[in-house]
Each structure stands twice: as structure tokens, then as C-alpha cells.
Amino acid sequence: MAGFTVHFKKPTGWADSIHIHYWQIGPLAAGSVWPGVPMEPEGDGWFVYRFKEPTAHIVINDTQGRQTGDHHRGVDGWLDEDGRWHQSRPAPRPKPQPPKPAPALQAKPISERKDFREETIYFLITTRFYDGDPSNNFFCRDRIQFNAAGEAVDPHWRGDFKGLIQRLDYIRDLGFTAIWITPPVENRSGLDYHGYHAYDWTRIDPRLESPDASYQDLITAAHAKNIKIIQDVVVNHSCQYGIRGKVHIDHLPIKYYVPQGSQQGKVNHGPYQGHLGNYAWANRDDIDNPVAPVWYQERHASDPEGIEPLADPKTHETVPKPGYNPGRFFGVDANQLDPNWFHQEGFICGGDWESAYPLQVKHLAGDCIDLATERQNVKDYIIGSINRYLDMGVDALRIDTVKHVERDNLLEYVNAWKTHKPGLFVFGENLVKGYGWGDMGGGDNGPSQIRPWWYTRLGHNPRDPNSGGDSGFPQLDFGLFSTFRDTVSKGTYGGTAQVFSMDWIYGDVTQLVTFLQNHDVGPDNDFKYRFKGEQWMAAAAYNLIWTVRGIPCLYYGEEIEFMKGAPQDVEGEKDTLDKTGRAYFGEHLSDDRLAQTQSHPLYRHIRRLNQIRQAVPALQKGRMDRVSEWGSGMSFIRDYSPGGSVAVVGLVMGGEQYINVEGVPNGVYRDAVTGNVESVGYGVLSFHVKSNSAGIYVLDGPGKIGEDGVYLR
Ligand SMILES: [Ca+2]
Ligand SMILES: [Ca+2]
């Protein structure tokens, strides 16, 4: 017998120590002992072994854990790196093709984008983004900034819809396809520029609109640029004055307030001059509520300066009176609230924060009065008001203060809006610092019922997420966010895998909205500052957020490290917005500064990540598999086989690395970052990643996407 010869092409990533293990080679010959005998190199990555026996069962391996499947051979053959046999040596693989041009930033038309996981989100506080109309600018009563000359500057209500419309191209160029705006409905509070103190859900706040830039104009203009609008909605509470046309909360008109030692009409309240009422527009001097008591409504019209003596109906004392109880102007008597609209349990105290019932029925703060959300009149009012904005074209909703409303009650609202507008994407904010696993562990001090995962589910067992299916109400991913304090903020991915190990507790983890920071929180020890870390750490965080499961969301200014290290919100009594992460951004968007802003390394970085994610369905929708993490790097597979898309991702912090990922479907992979091509024949993809960069190998992918930058190259 002549025997036969086996040739083998070493796959990418295999060690050079190629061995062949064999058995059942005939009745008289013994098989080899694992890992078998060395094969001889024969050039161009090929190895050879000659059998004297007629047949053999064989397994080829590299002695480092990589091996082929079992083969039974009796004739000469060449085994290629995809596991296929040939009768002669196959031609070398074609050289990597030149990368195709990157897909245009233009997303598919909105009408074709039914799955919100295809989007990435830019979150902005409308009043702090870009001022297109100074005539609607307005100072809040609190936290007014004065310049050296004693003039009030930087009005809180400054950015507006007109400015946002003018800068839609900026957001589109950055690659975002959806904008989350702070609540646009009419507000009333000493500090209401952010919109979370609603007074009238049925009206858009006039301080955001201009004659030629209404809310409808914004929605229409965004849609014309293929950008979706996400409206922020507060269900849990109203402002401290009640709701226009529905319910009044007792207090004295603010224009009668005079501080101790002053005199009405002579007080310097900055832009308010004289009193805290009328500043610029008469309809904002206090409230114009038709359900307020008759005396209140009469004063609204008859005494705009707040100088005619008024007897406080509660105490019969007369105002204006210097130093008269400020609580009568700015406070709320929790015992006098209308039970048809408000809960009757008083204000939240220290011990209430980790307990569901008090958290959900008590008032969050003096200007956040807890609505009786389970009552039909409240449901009808809020659901009906928001339906109108959905009819105007709003594409998605973000729900505020989720854990303050009992889940099944809140789902009544969410499901009503989804019924009104089928396919609507609605996500929630359930703020937690920590993993947020509730009764599922992770050192959580609160119960499951107030944690994000609970709201993504329908079951009622706090220890069994699978006791109910997907509620269809995904949440902002505060669990992942919380890990950034100890990971990317310290220049390591170490510990990140742990949060992904609990992904199963969510209804649909691929729909969570992921972020590094927002207007309330940042990834530091106190969870309250804009990201303070080095620029490369932020880039590493974005590499992660844009490639793991979830829908990435960027907070305005992150793209240029805007207000780096500043507190997200005012801290000290004297702080003004310019000292915080909510500072006015518009100066970076002026015509003469725009090019500079757009050349920032992180701007270019995020732009490219958006390009890549938009081109790879697996990054949008794939489940995460084979998560591996070793501090200076991590790797995983995003498997969206149903959509024909698979991506293998390796992330690197610090020096360059070679990364091996196992369990990879066989085929040809192209790196979206470098354009490098690798073939996988035995389930292992091995690739090189430069320092502080990433490899994003896409099965049958388009090759390199976008231009190299500082952090992706
Ligand atoms: Ca303005
Ligand atoms: Ca509540």
C-alpha cells in the first residue's frame, strides 16, 4: 500500500506548532498520543504529513487549544483554513479588497426605520443648546448670573427651537439620528428652564418657540433631515402651582413677596426689578389659572405690580409685608392638596428613598408635587395631552422619574401611547447608582420594584425576572453607567463583564438606552460631575457603548469634553448654570467656531462610531456572546444571525494587543476600523488592535468605514 498524504493550511491565529493526531489506522498499528506528531512546514503556511497506512482518523491541532474537527482520510488531500478538502493545493486567498467607501451619514428615511435600535440619540437641554431668538430669552427667579457691572447675563431660557433647527445639521453630521429634548410643555418654577416642572401639558412653553419656529416647525424640520424627535414626559408630578385649567395649589401671588429689610417696588431682583412677578411677558408674571380662586385671578389682572394691599386668606395678615412667611409664596401645604389630583402622603423623607410605597406616593420636592396617577382624570389629562404631540409627529417618548410611579400604573400610560401610535418607542429613566439588580443581588439596598429591570418586565416575583415577559418599556441603562465609575474612569475595562452577566433579567436588553453621563449624573465617585477622566478614557467608553448591546445616547457637549469635571447641576447656594454641566453650549456652535468644534478628536471619534454602528445591524440588534474581559481589553460577539449580521469586537485600553475570540461563526471578516481581512475556519478569530483602539470585524462586512482618528485606527 502506498499510503496517503495530508496537507494543511494553518488558519489565522493558530500557533506554529501544528500537530496531527491519528487513530484507527489499521489492525496492527497503534494511534498517536495527543496532541499527535508534528507536521512539517512546506511553505506559504502549509504543513504536511505522510501516512504509510491506507486510512486514518485524524485531528489537526496547534497544541495551544485550537483544533480541526474529526476527519477520516484514505487519499491525498489539501485541507484549507475553512475546513474544506481539495485534490490539489488551492490557490491563495485573494488579497484583501480595497475598502468600499463609507456609507453616507444619511440614515434610511424615517418611514423605513421601524426599529428604534437602529438609532443613536443626542440628548440636549433645549434652553442650553443654541439660541436662535434672543427675544424669547427669560431669566428664572433663582440662580441668576451677574457680570462685573452687576448686569444679569446668561438667561436660563436661552436656547430655543429656532436655534435647534439652525443646528440640526450639526447633530446630523455628528451621525445622530434621534434627538431627545427636555420636556417642552409649559413650566412654572423658580428654576424651570429644563422643563421638569410642568404647569400645562397641553401647551408648549412660549419661551421655546418663536413666530417662525414652533414645536411643529421643529418636528417637521428634523424629519426633513431624517432625524427623529424624542419628547421627554413627566407623568409623576406637576409643578408647585397646580395645572392650568385643572387644579390650583394654594399660595400667595409671588409678586407680593418682599424680603426682610426691603420695600415693595424697590427690591433689586435683577432682571425682575421691583418684584418677582412680571419680567418680560405678562402671561408669566405668576400663574393665570382659571381654576384659581376668584381673588387670585382678579389680582392677576388688576395689580400687575403687586402693590395693592392683599389680605392672606389663610392668616388674614396683609401683604406686601417685608419678611412675610416665604412659605406662603413658594411653599406647598401638603394637607390642603386636592385629592382628585394629588397624593396625600406628604413629602419624601430620608428613609423613603429605598422603599417603593413612600417613593411612589410622596412628593419628590417642593416643586415636584406627586400626582394621583392612578386616578382616571389624571390619566385622561396626561395621556390625552401627549397624544396630541404624537399626532404632530413626535417619534418616541422618554419618561421621567419612572420609579416614582408604580409599574403597572405607569404601563397604563405607556401602553395607551403605544396604542395611539403603533410602533412607538418609549423608554424610561429609573435612576440608580449601582447595578440596580434589586432583590436579585449585587449589594443593592433597594427592592426590585423600584429598579430598572422591573419596569422592563411584566411578572410580579421580585426574585424571578422570568415570572413575566417583556413589558415593552426599556429603560436607561443605569446599571452599565454605574460601572463606569470603576472601569473607564480608571482606565480599565476590568469588571465590565459582570454587569453583562445579568443582562437576562431585562425584558429585552438590546433596547436599553446606554450612556456615559447625563444632566443628573456622571461616572465619578460622587456620580455628579461631567466626565473628568483623560480624553482617551472617554474614547474607550464610547468604543464600548457603541459596540455593546443597547442604544447609545450622548449628552450634549460630550463630543468636545464640554465643561469637563464641572458638577452636572448647581451644587452650592451661589452656583449659577455657567459653572455647571448645563452651561450654554451655543458659543461652540457659532458660525466662526463650528469648524473648530467639529475638529475635536472626540467629535471625529463619535462621528465615526455612528457611521460604523449605522452600517452594521449586529451592533444595533445582535445579542452579546462570549463576553471576555481582562482589564486592558475585552472582546465579544454581536450575533444578529436572523438579520444576517455578525460582528466580532475587541476593545483595547493601553498598549496594542492581539485578541483571540472563540466560538466565531466561520467565514470572512473585515474590520470596520482598519479594513483588515481575516478568515475563520475553525471558530477562532485572531486579530491585532492598536493601542486605545478597537477591532470591529464584520462577517462579510464592507471593510473600513470612515476615516482614521486618534482613537480608532
Ligand atoms: Ca432664545
Ligand atoms: Ca408618584
# chains A, B, ... in the order shown; residues from 1 in each chain; ligands from 1

call {"tool": "closest_atom_pairs", "arguments": {"of": "chain A", "to": "ligand 2", "cutoff": "12 Å", "atoms": "only C-alpha atoms and all ligand atoms", "output": "tab-separated table"}}
result
residue	atom	partner	partner_atom_place_in_ligand_line	distance
A:Val234	CA	ligand 2	1 (Ca)	10.5
A:Val235	CA	ligand 2	1 (Ca)	8.2
A:Asn236	CA	ligand 2	1 (Ca)	4.8
A:His237	CA	ligand 2	1 (Ca)	6.7
A:Ser238	CA	ligand 2	1 (Ca)	10.3
A:Trp341	CA	ligand 2	1 (Ca)	11.4
A:Phe342	CA	ligand 2	1 (Ca)	9.1
A:His343	CA	ligand 2	1 (Ca)	7.8
A:Gln344	CA	ligand 2	1 (Ca)	10.9
A:Glu345	CA	ligand 2	1 (Ca)	10.4
A:Gly346	CA	ligand 2	1 (Ca)	11.4
A:Phe347	CA	ligand 2	1 (Ca)	11.0
A:Ile348	CA	ligand 2	1 (Ca)	10.5
A:Ala356	CA	ligand 2	1 (Ca)	10.0
A:Tyr357	CA	ligand 2	1 (Ca)	9.0
A:Pro358	CA	ligand 2	1 (Ca)	8.6
A:Leu359	CA	ligand 2	1 (Ca)	7.0
A:Gln360	CA	ligand 2	1 (Ca)	4.0
A:Val361	CA	ligand 2	1 (Ca)	4.6
A:Lys362	CA	ligand 2	1 (Ca)	6.5
A:His363	CA	ligand 2	1 (Ca)	7.2
A:Leu364	CA	ligand 2	1 (Ca)	8.1
A:Ala365	CA	ligand 2	1 (Ca)	11.4
A:Cys368	CA	ligand 2	1 (Ca)	9.7
A:Ile369	CA	ligand 2	1 (Ca)	8.5
A:Asp370	CA	ligand 2	1 (Ca)	5.0
A:Leu371	CA	ligand 2	1 (Ca)	6.1
A:Ala372	CA	ligand 2	1 (Ca)	7.1
A:Thr373	CA	ligand 2	1 (Ca)	6.8
A:Glu374	CA	ligand 2	1 (Ca)	9.3
A:Arg375	CA	ligand 2	1 (Ca)	11.8
A:Val378	CA	ligand 2	1 (Ca)	11.9
A:Asp400	CA	ligand 2	1 (Ca)	11.0
A:Thr401	CA	ligand 2	1 (Ca)	8.4
A:Val402	CA	ligand 2	1 (Ca)	8.6
A:Lys403	CA	ligand 2	1 (Ca)	8.0
A:His404	CA	ligand 2	1 (Ca)	4.4
A:Val405	CA	ligand 2	1 (Ca)	4.4
A:Glu406	CA	ligand 2	1 (Ca)	7.4
A:Arg407	CA	ligand 2	1 (Ca)	10.5
A:Asn409	CA	ligand 2	1 (Ca)	9.9
A:Leu410	CA	ligand 2	1 (Ca)	9.6
A:Ile450	CA	ligand 2	1 (Ca)	11.7

call {"tool": "select_by_dssp", "arguments": {"residues": "stretch 577-710 of chain A", "states": "strand (DSSP E or B)", "output": "VMD selection string"}}
result
chain A and resid 623 to 629 633 to 640 645 to 652 657 to 662 667 to 671 677 to 680 684 to 689 694 to 699

call {"tool": "residues_around", "arguments": {"residues": "A:Trp504", "least_positions_apart": "6", "cutoff": "10 Å", "atoms": "only C-alpha atoms", "output": "PyMOL selection string"}}
result
chain A and resi 453+465-466

call {"tool": "closest_atom_pairs", "arguments": {"of": "chain A", "to": "ligand 1", "cutoff": "8 Å", "atoms": "only C-alpha atoms and all ligand atoms", "output": "Markdown table"}}
result
| residue | atom | partner | partner_atom_place_in_ligand_line | distance |
| --- | --- | --- | --- | --- |
| A:Thr127 | CA | ligand 1 | 1 (Ca) | 7.4 |
| A:Tyr130 | CA | ligand 1 | 1 (Ca) | 7.8 |
| A:Asp131 | CA | ligand 1 | 1 (Ca) | 4.5 |
| A:Gly132 | CA | ligand 1 | 1 (Ca) | 5.6 |
| A:Asp133 | CA | ligand 1 | 1 (Ca) | 4.2 |
| A:Pro134 | CA | ligand 1 | 1 (Ca) | 4.3 |
| A:Ser135 | CA | ligand 1 | 1 (Ca) | 6.2 |
| A:Asn136 | CA | ligand 1 | 1 (Ca) | 4.8 |
| A:Asn137 | CA | ligand 1 | 1 (Ca) | 4.4 |
| A:Phe138 | CA | ligand 1 | 1 (Ca) | 7.9 |
| A:Trp157 | CA | ligand 1 | 1 (Ca) | 6.5 |
| A:Arg158 | CA | ligand 1 | 1 (Ca) | 4.1 |
| A:Gly159 | CA | ligand 1 | 1 (Ca) | 4.8 |
| A:Asp160 | CA | ligand 1 | 1 (Ca) | 5.0 |
| A:Lys162 | CA | ligand 1 | 1 (Ca) | 7.8 |
| A:Gly163 | CA | ligand 1 | 1 (Ca) | 7.4 |
| A:Arg207 | CA | ligand 1 | 1 (Ca) | 7.2 |
| A:Leu208 | CA | ligand 1 | 1 (Ca) | 6.9 |

call {"tool": "closest_residue", "arguments": {"among": "A:Arg141, A:Gln166, A:Asp503, A:Gln511", "to": "A:Tyr193", "atoms": "only C-alpha atoms"}}
result
A:Arg141

call {"tool": "closest_atom_pairs", "arguments": {"of": "stretch 480-595 of chain A", "to": "stretch 626-638 of chain A", "cutoff": "10 Å", "atoms": "only C-alpha atoms", "output": "Markdown table"}}
result
| residue | atom | partner | partner_atom | distance |
| --- | --- | --- | --- | --- |
| A:Thr487 | CA | A:Gly631 | CA | 8.4 |
| A:Val488 | CA | A:Gly631 | CA | 9.9 |
| A:Gly491 | CA | A:Ser632 | CA | 8.0 |
| A:Thr492 | CA | A:Gly631 | CA | 5.1 |
| A:Tyr493 | CA | A:Gly631 | CA | 4.7 |
| A:Gly494 | CA | A:Gly631 | CA | 3.8 |
| A:Gly495 | CA | A:Gly631 | CA | 7.5 |
| A:Thr496 | CA | A:Glu629 | CA | 7.2 |
| A:Ala497 | CA | A:Glu629 | CA | 6.1 |
| A:Gln498 | CA | A:Glu629 | CA | 9.3 |
| A:Phe500 | CA | A:Val627 | CA | 8.0 |
| A:Ser501 | CA | A:Val627 | CA | 8.6 |
| A:Ala540 | CA | A:Gly633 | CA | 9.8 |
| A:Leu544 | CA | A:Met634 | CA | 9.1 |
| A:Thr547 | CA | A:Arg638 | CA | 8.2 |
| A:Val548 | CA | A:Arg638 | CA | 7.6 |
| A:Arg549 | CA | A:Arg638 | CA | 7.9 |

call {"tool": "write_last_selection", "arguments": {"atoms": "N, CA and C atoms", "output": "tab-separated table (two decimals), in the first residue's frame"}}
result
chain	number	residue	atom	x	y	z
A	487	THR	N	-14.50	51.57	36.09
A	487	THR	CA	-13.86	50.98	34.90
A	487	THR	C	-13.24	52.07	34.04
A	488	VAL	N	-13.98	52.59	33.08
A	488	VAL	CA	-13.37	53.54	32.14
A	488	VAL	C	-12.82	54.79	32.83
A	491	GLY	N	-9.43	53.91	33.67
A	491	GLY	CA	-8.57	53.42	32.60
A	491	GLY	C	-8.52	51.91	32.48
A	492	THR	N	-9.62	51.23	32.82
A	492	THR	CA	-9.65	49.78	32.68
A	492	THR	C	-11.06	49.33	32.30
A	493	TYR	N	-11.13	48.18	31.62
A	493	TYR	CA	-12.43	47.56	31.37
A	493	TYR	C	-12.74	46.53	32.47
A	494	GLY	N	-11.79	46.35	33.39
A	494	GLY	CA	-11.93	45.29	34.40
A	494	GLY	C	-13.19	45.44	35.23
A	495	GLY	N	-14.05	44.44	35.24
A	495	GLY	CA	-15.30	44.46	36.00
A	495	GLY	C	-16.51	44.70	35.13
A	496	THR	N	-16.27	45.08	33.87
A	496	THR	CA	-17.40	45.38	32.99
A	496	THR	C	-18.23	44.14	32.69
A	497	ALA	N	-17.56	42.98	32.57
A	497	ALA	CA	-18.28	41.77	32.17
A	497	ALA	C	-19.36	41.40	33.17
A	498	GLN	N	-19.13	41.80	34.43
A	498	GLN	CA	-20.09	41.41	35.46
A	498	GLN	C	-21.49	41.98	35.20
A	500	PHE	N	-22.79	42.67	32.33
A	500	PHE	CA	-23.42	41.98	31.20
A	500	PHE	C	-23.88	40.57	31.58
A	501	SER	N	-23.30	40.01	32.65
A	501	SER	CA	-23.69	38.66	33.05
A	501	SER	C	-25.14	38.63	33.55
A	540	ALA	N	-12.46	55.36	25.01
A	540	ALA	CA	-12.63	53.93	25.29
A	540	ALA	C	-14.05	53.63	25.75
A	544	LEU	N	-16.88	51.22	23.80
A	544	LEU	CA	-17.69	50.19	24.45
A	544	LEU	C	-19.18	50.44	24.21
A	547	THR	N	-20.52	49.58	20.81
A	547	THR	CA	-20.41	48.23	20.27
A	547	THR	C	-21.13	47.19	21.11
A	548	VAL	N	-21.42	47.47	22.39
A	548	VAL	CA	-22.17	46.51	23.19
A	548	VAL	C	-23.67	46.69	22.92
A	549	ARG	N	-24.49	45.79	23.52
A	549	ARG	CA	-25.93	45.88	23.32
A	549	ARG	C	-26.48	47.19	23.87

call {"tool": "residues_around", "arguments": {"residues": "stretch 66-82 of chain A", "least_positions_apart": "5", "cutoff": "7 Å", "atoms": "only C-alpha atoms", "output": "list in words"}}
result
Phe4, Thr5, Val6, His7, Phe8, Lys9, Lys10, Pro11, Trp14, Pro54, Thr55, Ala56, His57, Ile58, Val59, Ile60, Asn61, Gln87, Ser88, Arg89, Val680, Gly681 and Tyr682 of chain A

call {"tool": "select_by_dssp", "arguments": {"residues": "stretch 521-620 of chain A", "states": "helix (DSSP H, G or I)", "output": "PyMOL selection string"}}
result
chain A and resi 535-545+558-560+577-579+586-589+594-598+601-615+617-620

call {"tool": "closest_residue", "arguments": {"among": "A:Glu587, A:Asp486, A:Glu707, A:Glu559", "to": "A:Leu174", "atoms": "only C-alpha atoms"}}
result
A:Glu559

call {"tool": "atom_distance", "arguments": {"atom1": "atom CA of A:Gly650", "atom2": "atom CA of A:Ala694"}}
result
5.6 Å

call {"tool": "residues_around", "arguments": {"residues": "A:Lys528", "least_positions_apart": "2", "cutoff": "12 Å", "atoms": "only C-alpha atoms", "output": "list of chain:residue names"}}
result
A:Lys433, A:Ser482, A:Arg485, A:Leu516, A:Gln517, A:Asn518, A:His519, A:Asp520, A:Val521, A:Gly522, A:Pro523, A:Asp524, A:Asn525, A:Asp526, A:Arg530, A:Phe531, A:Lys532, A:Lys564, A:Gly565, A:Ala566, A:Pro567, A:Gln568, A:Asp569, A:Val570, A:Glu571, A:Thr580, A:Gly581

call {"tool": "decode", "arguments": {"residues": "stretch 630-671 of chain A", "atoms": "N, CA and C atoms", "output": "CSV table (one decimal), in the first residue's frame"}}
result
chain,number,residue,atom,x,y,z
A,630,TRP,N,-10.5,41.4,30.3
A,630,TRP,CA,-9.2,41.2,31.0
A,630,TRP,C,-8.5,42.5,31.4
A,631,GLY,N,-9.3,43.5,31.8
A,631,GLY,CA,-8.8,44.8,32.3
A,631,GLY,C,-8.4,45.7,31.2
A,632,SER,N,-7.3,45.4,30.5
A,632,SER,CA,-6.8,46.3,29.5
A,632,SER,C,-7.5,46.0,28.2
A,633,GLY,N,-8.5,45.1,28.2
A,633,GLY,CA,-9.3,44.9,27.0
A,633,GLY,C,-10.5,44.0,27.2
A,634,MET,N,-11.3,43.9,26.2
A,634,MET,CA,-12.4,43.0,26.3
A,634,MET,C,-12.9,42.6,24.9
A,635,SER,N,-13.5,41.5,24.8
A,635,SER,CA,-14.0,41.0,23.4
A,635,SER,C,-15.3,40.4,23.6
A,636,PHE,N,-16.1,40.3,22.5
A,636,PHE,CA,-17.4,39.7,22.5
A,636,PHE,C,-17.8,39.6,21.0
A,637,ILE,N,-18.9,38.8,20.9
A,637,ILE,CA,-19.5,38.6,19.6
A,637,ILE,C,-20.9,39.3,19.6
A,638,ARG,N,-21.2,40.0,18.6
A,638,ARG,CA,-22.6,40.5,18.5
A,638,ARG,C,-23.2,39.7,17.4
A,639,ASP,N,-24.2,38.8,17.8
A,639,ASP,CA,-24.7,37.9,16.8
A,639,ASP,C,-26.2,38.3,16.5
A,640,TYR,N,-26.3,38.7,15.3
A,640,TYR,CA,-27.7,39.0,14.8
A,640,TYR,C,-27.9,38.1,13.5
A,641,SER,N,-27.7,36.8,13.7
A,641,SER,CA,-27.9,35.9,12.6
A,641,SER,C,-29.3,36.0,11.9
A,642,PRO,N,-30.3,36.3,12.7
A,642,PRO,CA,-31.6,36.4,12.0
A,642,PRO,C,-31.6,37.5,10.9
A,643,GLY,N,-30.8,38.5,11.1
A,643,GLY,CA,-30.7,39.6,10.2
A,643,GLY,C,-29.5,39.4,9.3
A,644,GLY,N,-28.8,38.3,9.4
A,644,GLY,CA,-27.6,38.0,8.5
A,644,GLY,C,-26.4,38.8,8.9
A,645,SER,N,-26.3,39.2,10.1
A,645,SER,CA,-25.2,40.1,10.5
A,645,SER,C,-24.5,39.6,11.8
A,646,VAL,N,-23.2,39.5,11.7
A,646,VAL,CA,-22.4,39.1,12.9
A,646,VAL,C,-21.2,40.0,13.0
A,647,ALA,N,-20.8,40.4,14.2
A,647,ALA,CA,-19.6,41.2,14.4
A,647,ALA,C,-18.9,40.7,15.6
A,648,VAL,N,-17.5,40.7,15.4
A,648,VAL,CA,-16.7,40.3,16.5
A,648,VAL,C,-15.9,41.5,16.9
A,649,VAL,N,-16.0,41.9,18.2
A,649,VAL,CA,-15.4,43.1,18.7
A,649,VAL,C,-14.3,42.9,19.7
A,650,GLY,N,-13.2,43.6,19.5
A,650,GLY,CA,-12.2,43.6,20.5
A,650,GLY,C,-11.8,45.0,20.9
A,651,LEU,N,-11.9,45.3,22.2
A,651,LEU,CA,-11.6,46.7,22.7
A,651,LEU,C,-10.3,46.7,23.5
A,652,VAL,N,-9.5,47.7,23.3
A,652,VAL,CA,-8.2,47.8,23.9
A,652,VAL,C,-8.0,49.1,24.6
A,653,MET,N,-7.6,49.1,25.9
A,653,MET,CA,-7.1,50.2,26.6
A,653,MET,C,-5.7,50.1,26.9
A,654,GLY,N,-4.9,51.1,26.6
A,654,GLY,CA,-3.4,51.0,26.8
A,654,GLY,C,-2.8,50.4,25.6
A,655,GLY,N,-1.7,49.7,25.7
A,655,GLY,CA,-0.9,49.2,24.6
A,655,GLY,C,-1.6,48.3,23.6
A,656,GLU,N,-1.0,48.2,22.4
A,656,GLU,CA,-1.6,47.3,21.4
A,656,GLU,C,-1.6,45.9,21.9
A,657,GLN,N,-2.6,45.1,21.3
A,657,GLN,CA,-2.8,43.7,21.7
A,657,GLN,C,-3.2,42.8,20.6
A,658,TYR,N,-2.9,41.5,20.7
A,658,TYR,CA,-3.5,40.5,19.8
A,658,TYR,C,-4.7,39.9,20.6
A,659,ILE,N,-5.8,39.8,20.0
A,659,ILE,CA,-7.0,39.3,20.6
A,659,ILE,C,-7.5,38.1,19.9
A,660,ASN,N,-7.8,37.0,20.6
A,660,ASN,CA,-8.4,35.8,20.1
A,660,ASN,C,-9.8,35.7,20.6
A,661,VAL,N,-10.8,35.5,19.7
A,661,VAL,CA,-12.2,35.3,20.1
A,661,VAL,C,-12.6,33.9,19.6
A,662,GLU,N,-13.1,33.1,20.5
A,662,GLU,CA,-13.5,31.7,20.1
A,662,GLU,C,-15.0,31.7,19.9
A,663,GLY,N,-15.5,30.6,19.3
A,663,GLY,CA,-16.9,30.4,19.1
A,663,GLY,C,-17.5,31.3,18.0
A,664,VAL,N,-16.6,31.7,17.1
A,664,VAL,CA,-17.0,32.7,16.0
A,664,VAL,C,-17.5,31.9,14.8
A,665,PRO,N,-18.7,32.2,14.2
A,665,PRO,CA,-19.1,31.5,13.0
A,665,PRO,C,-18.1,31.7,11.9
A,666,ASN,N,-17.9,30.6,11.1
A,666,ASN,CA,-16.8,30.6,10.1
A,666,ASN,C,-17.2,31.6,9.0
A,667,GLY,N,-16.2,32.1,8.3
A,667,GLY,CA,-16.4,33.0,7.2
A,667,GLY,C,-15.3,34.0,7.1
A,668,VAL,N,-15.6,35.0,6.2
A,668,VAL,CA,-14.6,36.0,6.0
A,668,VAL,C,-15.0,37.3,6.8
A,669,TYR,N,-14.1,37.8,7.6
A,669,TYR,CA,-14.5,39.0,8.4
A,669,TYR,C,-13.6,40.2,8.0
A,670,ARG,N,-14.2,41.4,7.9
A,670,ARG,CA,-13.5,42.6,7.6
A,670,ARG,C,-13.6,43.6,8.7
A,671,ASP,N,-12.5,44.1,9.1
A,671,ASP,CA,-12.5,45.1,10.2
A,671,ASP,C,-13.0,46.4,9.8
